[in-house]
file query-v6.cif (mmCIF, C-alpha atoms)
data_final
#
loop_
_atom_site.label_atom_id
_atom_site.label_comp_id
_atom_site.auth_asym_id
_atom_site.auth_seq_id
_atom_site.Cartn_x
_atom_site.Cartn_y
_atom_site.Cartn_z
CA MET B 1 11.59 90.27 25.84
CA LYS B 2 11.48 91.82 29.29
CA TYR B 3 13.86 90.92 32.10
CA GLY B 4 14.12 91.21 35.86
CA LYS B 5 16.03 89.88 38.86
CA LEU B 6 15.29 86.47 40.30
CA GLY B 7 14.14 87.38 43.78
CA ASN B 8 16.76 89.16 45.86
CA THR B 9 19.70 88.19 43.64
CA GLY B 10 21.65 89.78 40.83
CA LEU B 11 20.61 86.99 38.45
CA ILE B 12 18.77 88.51 35.48
CA VAL B 13 16.10 86.25 34.00
CA SER B 14 13.63 86.67 31.17
CA LYS B 15 10.07 87.34 32.29
CA LEU B 16 9.01 84.36 30.19
CA SER B 17 11.00 81.16 30.66
CA PHE B 18 10.90 77.98 28.64
CA GLY B 19 9.66 74.76 30.23
CA ALA B 20 10.94 71.49 28.80
CA MET B 21 8.50 69.17 30.57
CA THR B 22 7.04 68.04 27.24
CA PHE B 23 10.40 66.80 25.90
CA GLY B 24 10.55 63.02 25.45
CA ASP B 25 8.31 60.10 24.60
CA ASP B 26 7.80 58.39 27.95
CA PRO B 27 4.43 56.56 27.89
CA SER B 28 3.91 57.11 31.63
CA ILE B 29 2.18 60.42 30.79
CA SER B 30 1.72 60.27 27.04
CA SER B 31 -0.46 63.39 27.01
CA ILE B 32 2.56 65.39 28.24
CA TYR B 33 5.75 63.69 27.06
CA LYS B 34 5.50 63.92 23.26
CA VAL B 35 8.08 66.36 21.85
CA ASN B 36 10.82 64.75 19.80
CA GLU B 37 14.39 66.00 19.45
CA GLN B 38 13.86 67.89 16.21
CA THR B 39 10.85 69.77 17.55
CA ALA B 40 12.71 70.40 20.81
CA GLN B 41 15.52 72.05 18.87
CA GLU B 42 13.07 74.19 16.91
CA MET B 43 11.26 75.27 20.08
CA VAL B 44 14.46 76.17 21.92
CA ASP B 45 15.69 78.14 18.90
CA LYS B 46 12.37 79.99 18.82
CA ALA B 47 12.66 80.76 22.55
CA LEU B 48 16.24 81.97 22.22
CA ASN B 49 15.36 84.18 19.27
CA ALA B 50 12.55 85.70 21.34
CA GLY B 51 15.06 86.65 24.05
CA ILE B 52 14.39 83.88 26.57
CA ASN B 53 17.48 83.10 28.64
CA PHE B 54 15.86 80.93 31.35
CA PHE B 55 15.12 77.23 30.80
CA ASP B 56 13.41 74.84 33.22
CA THR B 57 13.35 71.05 33.48
CA ALA B 58 13.46 68.30 36.15
CA ASP B 59 15.13 64.95 36.62
CA GLY B 60 11.72 63.29 36.85
CA TYR B 61 10.41 64.47 33.48
CA ALA B 62 10.09 61.61 30.98
CA GLY B 63 12.50 59.43 32.91
CA GLY B 64 15.34 61.89 32.43
CA GLN B 65 14.77 62.40 28.70
CA SER B 66 13.83 66.05 29.22
CA GLU B 67 17.17 66.90 30.84
CA ILE B 68 19.11 64.99 28.19
CA MET B 69 17.30 66.64 25.28
CA LEU B 70 17.45 70.13 26.80
CA GLY B 71 21.16 69.77 27.54
CA LYS B 72 21.82 68.71 23.98
CA VAL B 73 19.91 71.52 22.26
CA LEU B 74 21.36 74.15 24.62
CA ALA B 75 24.97 72.92 24.41
CA ALA B 76 26.08 75.64 21.99
CA HIS B 77 24.43 78.32 24.14
CA ARG B 78 25.37 77.13 27.63
CA LYS B 79 27.35 80.22 28.65
CA ASN B 80 24.45 82.50 27.69
CA VAL B 81 21.55 80.71 29.36
CA ILE B 82 20.25 79.95 32.83
CA ILE B 83 19.23 76.34 33.46
CA ALA B 84 16.97 75.28 36.31
CA THR B 85 16.30 71.68 37.19
CA LYS B 86 14.57 69.94 40.07
CA ALA B 87 14.94 66.89 42.29
CA GLY B 88 12.74 64.99 44.70
CA PHE B 89 10.42 62.78 42.67
CA ARG B 90 11.12 59.10 42.16
CA THR B 91 13.73 58.44 39.47
CA GLY B 92 14.29 54.73 39.99
CA ASP B 93 12.82 51.61 41.58
CA PRO B 94 15.06 51.40 44.69
CA ILE B 95 13.50 52.94 47.78
CA THR B 96 16.41 55.39 48.09
CA GLN B 97 15.86 56.97 44.66
CA ALA B 98 13.29 59.54 45.73
CA GLY B 99 12.83 62.29 48.28
CA LEU B 100 15.12 64.96 49.69
CA SER B 101 17.60 62.95 51.74
CA LYS B 102 21.27 63.91 51.55
CA ARG B 103 21.97 60.69 49.71
CA HIS B 104 19.34 61.24 47.05
CA LEU B 105 20.04 64.95 46.51
CA LEU B 106 23.77 64.38 45.99
CA PHE B 107 23.03 61.43 43.70
CA SER B 108 20.39 63.39 41.77
CA CYS B 109 22.58 66.42 41.27
CA GLU B 110 25.41 64.34 39.80
CA LYS B 111 22.96 62.58 37.49
CA SER B 112 21.40 65.86 36.35
CA LEU B 113 24.83 67.35 35.63
CA LYS B 114 25.60 64.41 33.36
CA GLN B 115 22.21 64.43 31.66
CA LEU B 116 22.33 68.18 31.07
CA ASN B 117 25.95 67.89 29.88
CA THR B 118 27.08 70.75 32.10
CA ASP B 119 29.42 71.20 35.04
CA TYR B 120 27.07 73.43 37.02
CA ILE B 121 23.34 74.02 37.52
CA ASP B 122 22.25 77.64 37.72
CA LEU B 123 19.14 77.02 39.84
CA TYR B 124 18.58 73.76 41.72
CA ILE B 125 15.03 73.33 43.00
CA LEU B 126 13.53 70.96 45.58
CA HIS B 127 10.61 69.65 43.52
CA LYS B 128 8.31 68.64 46.37
CA GLU B 129 8.16 68.34 50.14
CA ASP B 130 9.61 65.29 51.84
CA PRO B 131 7.81 64.60 55.13
CA PHE B 132 10.24 61.78 55.97
CA THR B 133 13.60 63.59 55.83
CA PRO B 134 14.64 66.11 58.51
CA LEU B 135 14.62 69.60 57.05
CA GLU B 136 18.13 70.26 58.37
CA GLU B 137 19.48 67.29 56.40
CA THR B 138 17.93 68.51 53.16
CA LEU B 139 19.09 72.12 53.55
CA GLU B 140 22.63 71.21 54.58
CA ALA B 141 22.95 68.89 51.58
CA LEU B 142 21.63 71.61 49.29
CA ASN B 143 24.16 74.08 50.69
CA SER B 144 27.00 71.58 50.19
CA LEU B 145 26.22 71.51 46.46
CA VAL B 146 26.59 75.30 46.33
CA VAL B 147 29.87 75.16 48.28
CA ALA B 148 31.15 72.51 45.85
CA GLY B 149 30.37 74.79 42.90
CA LYS B 150 27.90 72.37 41.34
CA VAL B 151 24.91 74.63 42.02
CA ARG B 152 24.70 78.43 41.89
CA TYR B 153 21.25 79.24 43.38
CA VAL B 154 18.62 77.19 45.21
CA GLY B 155 14.85 77.12 45.35
CA PHE B 156 11.79 75.12 46.36
CA SER B 157 8.69 74.06 44.46
CA ASN B 158 5.19 73.21 45.66
CA TRP B 159 6.06 73.75 49.32
CA SER B 160 3.66 74.98 51.98
CA ALA B 161 4.24 78.45 53.41
CA TRP B 162 5.14 77.23 56.90
CA ARG B 163 7.79 74.79 55.63
CA SER B 164 9.23 77.36 53.23
CA ALA B 165 9.46 79.99 55.96
CA LEU B 166 10.99 77.57 58.48
CA ALA B 167 13.56 76.43 55.93
CA TYR B 168 14.43 79.99 54.98
CA GLN B 169 15.04 80.91 58.63
CA MET B 170 17.18 77.79 59.13
CA GLN B 171 19.27 78.78 56.13
CA LYS B 172 19.77 82.26 57.55
CA ASP B 173 20.62 80.97 61.04
CA ASN B 174 23.17 78.45 59.76
CA GLY B 175 24.74 80.57 57.04
CA TRP B 176 23.49 78.20 54.35
CA GLU B 177 22.61 79.33 50.85
CA PRO B 178 19.09 80.82 51.13
CA PHE B 179 16.22 80.16 48.78
CA CYS B 180 15.91 82.82 46.09
CA ASN B 181 13.13 81.10 44.17
CA GLY B 182 9.83 79.38 44.75
CA GLN B 183 8.31 77.59 41.76
CA MET B 184 4.56 77.43 42.31
CA ASN B 185 1.35 76.81 40.44
CA TYR B 186 -0.41 80.16 39.93
CA SER B 187 -3.13 81.14 37.48
CA LEU B 188 -6.48 82.86 37.20
CA VAL B 189 -8.16 79.63 38.32
CA GLY B 190 -5.51 78.79 40.91
CA ARG B 191 -4.85 81.73 43.20
CA ASP B 192 -4.68 79.85 46.52
CA VAL B 193 -0.97 80.76 46.80
CA GLU B 194 -2.10 84.30 47.58
CA HIS B 195 -3.38 83.15 50.98
CA ASP B 196 0.03 82.57 52.53
CA ILE B 197 2.95 81.65 50.26
CA VAL B 198 2.89 84.92 48.28
CA PRO B 199 3.04 87.13 51.41
CA PHE B 200 5.95 85.07 52.72
CA MET B 201 7.83 85.25 49.41
CA GLU B 202 7.31 88.99 49.17
CA TYR B 203 8.59 89.43 52.74
CA ALA B 204 11.66 87.26 52.11
CA LYS B 205 12.22 88.74 48.62
CA ILE B 206 12.00 85.32 47.02
CA GLY B 207 11.09 85.41 43.33
CA MET B 208 8.31 83.17 42.07
CA THR B 209 8.53 81.18 38.86
CA VAL B 210 5.10 80.01 37.76
CA TRP B 211 4.31 76.56 36.45
CA SER B 212 1.16 75.75 34.50
CA PRO B 213 0.11 79.41 34.19
CA LEU B 214 -2.64 78.32 31.77
CA ALA B 215 -3.95 75.55 34.07
CA SER B 216 -2.81 72.71 31.80
CA GLY B 217 -4.01 74.62 28.76
CA PHE B 218 -7.50 75.28 30.08
CA LEU B 219 -6.95 79.04 30.01
CA SER B 220 -5.96 78.94 26.36
CA GLY B 221 -9.68 78.76 25.60
CA LYS B 222 -9.32 75.58 23.55
CA TYR B 223 -11.49 73.47 25.83
CA THR B 224 -15.25 73.13 25.76
CA ARG B 225 -17.55 71.20 28.04
CA GLU B 226 -17.81 68.58 25.29
CA ASN B 227 -14.10 68.02 24.55
CA LEU B 228 -12.67 67.97 28.08
CA LYS B 229 -12.17 64.21 27.96
CA ASP B 230 -10.80 64.09 24.41
CA PRO B 231 -7.76 61.75 24.58
CA GLU B 232 -5.73 64.22 22.53
CA ASN B 233 -6.10 66.91 25.19
CA ARG B 234 -3.60 67.34 28.02
CA LEU B 235 -6.36 67.40 30.63
CA SER B 236 -7.50 63.92 29.62
CA GLY B 237 -4.26 62.43 30.90
CA PHE B 238 -3.02 65.03 33.38
CA ASP B 239 -5.99 66.56 35.19
CA LEU B 240 -4.00 67.40 38.32
CA LEU B 241 -5.01 70.94 39.22
CA PRO B 242 -7.91 71.38 41.67
CA PHE B 243 -10.24 73.96 40.16
CA ASP B 244 -13.92 74.11 39.34
CA LYS B 245 -14.19 73.61 35.57
CA GLU B 246 -17.56 75.35 35.33
CA PHE B 247 -16.08 78.41 37.01
CA GLY B 248 -13.14 78.07 34.66
CA PHE B 249 -15.39 78.43 31.64
CA LYS B 250 -16.75 81.70 33.09
CA VAL B 251 -13.20 82.97 33.44
CA VAL B 252 -12.43 82.00 29.85
CA ASP B 253 -15.53 83.87 28.68
CA ALA B 254 -14.22 87.03 30.40
CA LEU B 255 -10.78 86.49 28.88
CA LYS B 256 -12.30 86.23 25.40
CA VAL B 257 -13.88 89.67 25.75
CA ILE B 258 -10.58 91.25 26.83
CA ALA B 259 -8.66 89.37 24.14
CA ALA B 260 -10.97 90.73 21.45
CA GLU B 261 -10.30 94.29 22.65
CA HIS B 262 -6.55 93.78 22.22
CA GLN B 263 -6.68 91.51 19.16
CA ALA B 264 -4.88 88.97 21.29
CA SER B 265 -5.44 85.36 22.24
CA VAL B 266 -7.11 84.15 25.42
CA ALA B 267 -3.82 82.59 26.55
CA GLN B 268 -1.95 85.85 26.06
CA VAL B 269 -4.39 87.69 28.32
CA ALA B 270 -4.06 85.04 31.05
CA LEU B 271 -0.27 85.28 30.91
CA ALA B 272 -0.31 89.10 30.80
CA TRP B 273 -2.39 89.13 33.99
CA LEU B 274 0.28 87.08 35.78
CA LEU B 275 2.99 89.43 34.55
CA THR B 276 1.35 92.22 36.56
CA LYS B 277 2.05 90.39 39.83
CA PRO B 278 5.15 91.81 41.63
CA VAL B 279 6.07 88.44 43.19
CA VAL B 280 6.40 86.79 39.76
CA SER B 281 9.97 86.79 38.44
CA SER B 282 9.25 84.57 35.46
CA ILE B 283 6.42 82.56 33.91
CA ILE B 284 7.27 79.12 32.56
CA VAL B 285 5.75 78.58 29.13
CA GLY B 286 5.92 75.11 27.68
CA ALA B 287 4.30 73.59 24.65
CA SER B 288 3.85 70.41 22.68
CA LYS B 289 3.20 72.27 19.42
CA MET B 290 5.12 75.17 17.91
CA HIS B 291 2.05 77.36 17.36
CA GLN B 292 1.31 77.22 21.11
CA LEU B 293 4.79 78.48 21.95
CA GLU B 294 4.61 81.21 19.32
CA ASP B 295 1.29 82.41 20.71
CA ASN B 296 2.49 82.40 24.32
CA LEU B 297 5.63 84.37 23.49
CA GLN B 298 3.53 87.28 22.26
CA ALA B 299 2.09 87.77 25.77
CA ILE B 300 5.19 89.74 26.72
CA ASP B 301 4.01 92.66 24.58
CA LEU B 302 0.43 92.74 25.87
CA GLU B 303 -0.32 95.58 28.29
CA LEU B 304 -3.65 95.17 30.07
CA LYS B 305 -5.67 98.19 31.14
CA GLN B 306 -6.07 98.65 34.89
CA ALA B 307 -9.83 98.18 34.55
CA GLU B 308 -9.21 94.80 32.88
CA ILE B 309 -6.81 93.75 35.60
CA ASP B 310 -9.32 94.78 38.27
CA LEU B 311 -12.08 92.85 36.53
CA LEU B 312 -10.01 89.66 36.43
CA ASN B 313 -8.86 90.17 40.02
CA ASP B 314 -12.44 90.51 41.24
CA LEU B 315 -13.79 87.66 39.14
CA THR B 316 -11.16 85.15 40.29
CA LYS B 317 -10.66 86.30 43.87
CA PRO B 318 -9.24 83.34 45.85
CA THR B 319 -12.00 82.25 48.22
CA ILE B 320 -11.33 78.49 48.35
CA MET B 321 -8.12 77.21 49.85
CA TYR B 322 -6.69 73.81 48.99
CA PRO B 323 -4.13 73.39 51.79
CA HIS B 324 -1.09 71.41 50.70
CA TRP B 325 -3.03 69.68 47.89
CA PHE B 326 0.09 69.04 45.81
CA ASN B 327 2.08 67.30 48.51
CA GLN B 328 -0.88 65.34 49.88
CA GLN B 329 -1.51 63.84 46.45
CA LEU B 330 2.11 63.11 45.65
CA ILE B 331 3.61 61.57 48.77
CA ASP B 332 5.84 58.80 47.49
CA PRO B 333 3.90 55.52 47.99
CA LYS B 334 7.03 53.48 48.67
CA HIS B 335 8.14 55.86 51.40
CA GLN B 336 4.61 55.96 52.81
CA GLU B 337 4.57 52.17 53.10
CA ILE B 338 7.97 51.99 54.78
CA PHE B 339 7.42 54.79 57.30
CA ALA B 340 3.89 53.68 58.18
CA ARG B 341 5.49 50.72 59.97
CA HIS B 342 7.57 52.92 62.28
#
call {"tool": "encode", "arguments": {"input": "query-v6.cif", "output": "structure tokens"}}
result
Amino acid sequence: MKYGKLGNTGLIVSKLSFGAMTFGDDPSISSIYKVNEQTAQEMVDKALNAGINFFDTADGYAGGQSEIMLGKVLAAHRKNVIIATKAGFRTGDPITQAGLSKRHLLFSCEKSLKQLNTDYIDLYILHKEDPFTPLEETLEALNSLVVAGKVRYVGFSNWSAWRSALAYQMQKDNGWEPFCNGQMNYSLVGRDVEHDIVPFMEYAKIGMTVWSPLASGFLSGKYTRENLKDPENRLSGFDLLPFDKEFGFKVVDALKVIAAEHQASVAQVALAWLLTKPVVSSIIVGASKMHQLEDNLQAIDLELKQAEIDLLNDLTKPTIMYPHWFNQQLIDPKHQEIFARH
């Protein structure tokens, strides 16, 4: 395993981190939530043995099952690992149980501590933007969790560059704990972050952790034009990412050529490309099957030639921008209804 600092901190994290989004059996997204406790234990053991020390989850994954299962399987290793979790998505029916208000963040942190069976969270991440809560309220609440010793470091996920930069300056001006991490979607078919968020993060020395580096498995090379809608595939039930599938197949074709040169898998090449990006502190690899995790872990040893990196850079150059696509799609409908009346 290779290691580096998380942004401008002294926190040393593995370049590959383990994502526990697949843990649980919640039918709300059955194509994602399908790893039982035994398999979860086996996967975490495999990750630990490979040198991974950084584990990621969220309170919204599988109705909280992901946090509970991850906390259980990591209990014996708690002092040796770094746990990140996130808050912001709806976790209950009441209108207050969503968003980034002071009330919900304090409530969510306490709940996550219990579910993870720990007395502190290493990295607490704001999972989405909240257009209804004043930014000052959110940031002050986040800082209070650090002051109370319940949270060590703070980050954001899926935020626009302008909001991230404004928040970071507010934190500096008020002496609040600053963001050290931005968890963003980044891949060979999703490079829109390079337009604005990456330059900001590099300027502020904020380390990126990457979610869905294989574009929901598309960049593993397992998909064909014929099986895209197969109910067993993740994309059939979680086709969230905005990229041109036909272009994606061209990228996969290029990856296959490079993979053959290195006797590697398509997925390993896609992950190795991301590891060349200076802004990336860690890539989150998750899996629903053990062989997927085993394959992804081998990406850490793959060194791409500069000509191969240049080829992939040129082929996938970000020309289309999807401004704020994540937050536009996922504004909480209950909040939208309430605030539309005011």
call {"tool": "atom_distance", "arguments": {"input": "query-v6.cif", "atom1": "CA of Leu297 in chain B", "atom2": "CA of Phe18 in chain B"}}
result
9.8 Å
call {"tool": "closest_atom_pairs", "arguments": {"input": "query-v6.cif", "of": "range 124-189 of chain B", "to": "range 274-291 of chain B", "cutoff": "9 Å", "atoms": "all atoms listed in the file", "output": "JSON lines"}}
result
{"residue": "B:Asn181", "atom": "CA", "partner": "B:Ser281", "partner_atom": "CA", "distance": 8.7}
{"residue": "B:Tyr186", "atom": "CA", "partner": "B:Leu274", "partner_atom": "CA", "distance": 8.1}
{"residue": "B:Ser187", "atom": "CA", "partner": "B:Leu274", "partner_atom": "CA", "distance": 7.1}
{"residue": "B:Leu188", "atom": "CA", "partner": "B:Leu274", "partner_atom": "CA", "distance": 8.1}
call {"tool": "residues_around", "arguments": {"input": "query-v6.cif", "residues": "Arg163 in chain B", "least_positions_apart": "5", "cutoff": "10 Å", "atoms": "all atoms listed in the file", "output": "PyMOL selection string"}}
result
chain B and resi 129+135+168-169+197
call {"tool": "residues_around", "arguments": {"input": "query-v6.cif", "residues": "Phe23 in chain B", "least_positions_apart": "5", "cutoff": "7 Å", "atoms": "all atoms listed in the file", "output": "list in words"}}
result
Tyr33, Lys34, Val35, Asn36, Ala40, Gln65, Ser66 and Met69 of chain B
call {"tool": "atom_distance", "arguments": {"input": "query-v6.cif", "atom1": "CA of Ala47 in chain B", "atom2": "CA of Leu214 in chain B"}}
result
18.0 Å
call {"tool": "resolve_selection", "arguments": {"input": "query-v6.cif", "expression": "the PyMOL selection byres ((chain B and resi 141-148) around 9)", "output": "ChimeraX atom specification"}}
result
/B:100-103,105-106,109,124,126,136-140,149-154,171,176-178
call {"tool": "residues_around", "arguments": {"input": "query-v6.cif", "residues": "Leu70 in chain B", "least_positions_apart": "2", "cutoff": "8 Å", "atoms": "all atoms listed in the file", "output": "list in words"}}
result
Ala20, Phe23, Ala40, Thr57, Ser66, Glu67, Ile68, Lys72, Val73, Leu74 and Leu116 of chain B
call {"tool": "closest_residue", "arguments": {"input": "query-v6.cif", "among": "B:Leu330, B:Leu228, B:Met170, B:Ala161", "to": "Pro199 in chain B", "atoms": "only C-alpha atoms"}}
result
B:Ala161
call {"tool": "residues_around", "arguments": {"input": "query-v6.cif", "residues": "Val198 in chain B", "least_positions_apart": "2", "cutoff": "12 Å", "atoms": "all atoms listed in the file", "output": "MDAnalysis selection string"}}
result
chainID B and resid 159:162 164:165 181:186 191:196 200:210 277:280
call {"tool": "closest_residue", "arguments": {"input": "query-v6.cif", "among": "B:Arg90, B:Asn158, B:Ala58, B:Ala270", "to": "Leu113 in chain B", "atoms": "all atoms listed in the file"}}
result
B:Ala58
call {"tool": "resolve_selection", "arguments": {"input": "query-v6.cif", "expression": "the PyMOL selection byres ((chain B and resi 254) around 12)", "output": "list in words"}}
result
Leu188, Leu219, Gly221, Phe247, Gly248, Phe249, Lys250, Val251, Val252, Asp253, Leu255, Lys256, Val257, Ile258, Ala259, Ala260, Glu261, Val266, Ala267, Val269, Ala270, Glu308, Ile309, Leu311, Leu312, Asn313, Asp314, Leu315 and Thr316 of chain B
